[in-house]
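A.B. asks: This is the structure I want to talk about, given as structure tokens.
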Amino acid sequence: MGKQVDNTFTCVIKNFSLMQAHIASFVVGGCKWRLIAYPEVNHVGDCLSLSVCLDVPDCDSLPSGWKRHAKISLTLVNQYSEERSLQQEKQQCFNQKTPRWGFLPMVILKVPSEEYGFLVNDEIVIVVAVDVLEVIGSLDESEKSQSIDVKGFQVLPSQVKYVNCLFERHPDIASKFSIKNQTLKTAYMNVLLSLTETLNQSPKEISKDDLSDAKTTLAYMKNVGFKVDWLENKLDELFKKEKEAGVIRMLKIEEEFKDLKQKCSSLEVLLKKEKADVLAARAPFSLFDKDDDLIKWLSLLMICIMVIAFI
């Protein structure tokens, strides 16, 4: 549930404690935006953490080199005292490499009281303000106004081929998907397309953070009814390859560490030898190397003195 006034979008999320994820789309500055919110359990105290991110939907359909520079403000509304509302602000540049930006998690205390006021009657209120500072590349007006129905999902002309291919390979992909709201259906389909594209990358191109985000997103898609077994298998395969790559990196580091230890050991032996040579060079000069030699010399001297005395 959301309401937009000028550049501000207000989102009221009901049944927050039961929510898996909330997706809402809106248009500001002639650009389409998508708000994604989901709760995370915080075991420190009686509270939840609200994670929110803002992204550019249909970014694959935008021209190469597109960019959106915007000043963004996110407010978690305190429903009892506006002064206690939590707010984050930032200027962010959205482009092909970074089409999504996440806000820092916000803590929501479960107990609805005048002292807290963020979660009241199991509802939270989020306000997003977007000031678009610069736009490079956008959808043609003709394409924005068009949408084509594919298996009950309204998609852009540029997405039709890919979505058709998706349903041909996996006919039951949306057999348990029960959401009727067309805006939400479109948003979820865009998430699915983005997730599929991410997991189709080579292991060298996808990062650990991408894999972690994909795992979380995949869980949400399953919860809303998408059958994505093949994506789960793909994700497991990527995690396995990442683990194997990690083992290879570990073995390489161990080998390098072994060589380094050997070099350190050799340097340690050389250092001990140099210290011994320096100490030997600093030792006082002596005619006699041993005490026995000194005793023999003194004895010989005494005999010579006695002989001379008798003479």
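Just remember, in the structure tokens the first chain shown is A, the second B, etc., residues are 1-based per chain, and ligands are 1-based in the order shown.
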Excluding same-chain residues fewer than 4 positions from Pro171 in chain A, what lies within 12 Å of it counting only C-alpha atoms, as a ChimeraX atom specification?

C.D. replies: /A:151,163-167,175-176,226-228

A.B. asks: Find the residues near Ile72 in chain A: any atom within 7 Å, counting only C-alpha atoms, skip ones fewer than 3 places away on the same chain, and give them as a PDB file with C-alpha atoms, in the first residue's frame.

C.D. replies:
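Writing the result to out33.pdb gives the following:
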ATOM      1  CA  GLU A  89      19.977  10.617   3.427  1.00  0.00           C
ATOM      2  CA  LYS A  90      22.458  10.114   0.622  1.00  0.00           C
ATOM      3  CA  GLN A  91      23.292  11.120  -2.924  1.00  0.00           C
ATOM      4  CA  ALA A 129      11.868  11.112  -1.089  1.00  0.00           C
ATOM      5  CA  VAL A 130      13.805  11.094  -4.359  1.00  0.00           C
ATOM      6  CA  ASP A 131      15.230  14.249  -5.932  1.00  0.00           C
TER       7      ASP A 131
END

A.B. asks: Among the residues of range 41-286 of chain A, find those DSSP assigns to strand (DSSP E or B) from the backbone and print them as a ChimeraX atom specification.

C.D. replies: /A:41-42,47-55,67-76,86-95,100-102,106-109,120,123-136,148-150,153-155

A.B. asks: Please provide the set of residues having any atom within 12 Å of Leu199 in chain A, restricted to only C-alpha atoms, with same-chain residues fewer than 5 positions apart removed, written as a VMD selection string.

C.D. replies: chain A and resid 192 to 194 204 to 208 210 to 215 217 to 218 228 230 to 239

A.B. asks: Name the residues of range 9-124 of chain A that fall into helix (DSSP H, G or I) according to DSSP on the backbone, using the chain letters and numbers of this document, as a list in words.

C.D. replies: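 Checking each residue of range 9-124 of chain A, the helix (DSSP H, G or I) ones are Phe16, Ser17, Leu18, Cys59, Asp60, Ser61, Glu82, Glu83 and Arg84 of chain A.
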
A.B. asks: For those residues, write N, CA and C atoms to a file as an mmCIF file, in the first residue's frame.

C.D. replies:
data_model
loop_
_atom_site.group_PDB
_atom_site.id
_atom_site.type_symbol
_atom_site.label_atom_id
_atom_site.label_comp_id
_atom_site.auth_asym_id
_atom_site.auth_seq_id
_atom_site.Cartn_x
_atom_site.Cartn_y
_atom_site.Cartn_z
ATOM 1 N N PHE A 16 3.383 -6.583 9.387
ATOM 2 C CA PHE A 16 4.828 -6.546 9.246
ATOM 3 C C PHE A 16 5.502 -7.794 9.822
ATOM 4 N N SER A 17 5.008 -8.279 10.952
ATOM 5 C CA SER A 17 5.640 -9.425 11.606
ATOM 6 C C SER A 17 5.548 -10.691 10.770
ATOM 7 N N LEU A 18 4.577 -10.737 9.825
ATOM 8 C CA LEU A 18 4.406 -11.910 8.967
ATOM 9 C C LEU A 18 5.015 -11.698 7.576
ATOM 10 N N CYS A 59 16.084 -2.269 -15.618
ATOM 11 C CA CYS A 59 17.349 -1.623 -15.997
ATOM 12 C C CYS A 59 17.982 -2.293 -17.218
ATOM 13 N N ASP A 60 17.663 -3.566 -17.453
ATOM 14 C CA ASP A 60 18.210 -4.253 -18.626
ATOM 15 C C ASP A 60 17.657 -3.684 -19.922
ATOM 16 N N SER A 61 16.518 -3.008 -19.815
ATOM 17 C CA SER A 61 15.902 -2.437 -21.015
ATOM 18 C C SER A 61 16.375 -1.012 -21.296
ATOM 19 N N GLU A 82 6.765 12.404 15.608
ATOM 20 C CA GLU A 82 7.484 12.607 14.357
ATOM 21 C C GLU A 82 8.950 12.938 14.598
ATOM 22 N N GLU A 83 9.235 13.596 15.715
ATOM 23 C CA GLU A 83 10.606 13.987 16.032
ATOM 24 C C GLU A 83 11.508 12.772 16.264
ATOM 25 N N ARG A 84 10.902 11.648 16.624
ATOM 26 C CA ARG A 84 11.699 10.444 16.890
ATOM 27 C C ARG A 84 11.850 9.545 15.666
#
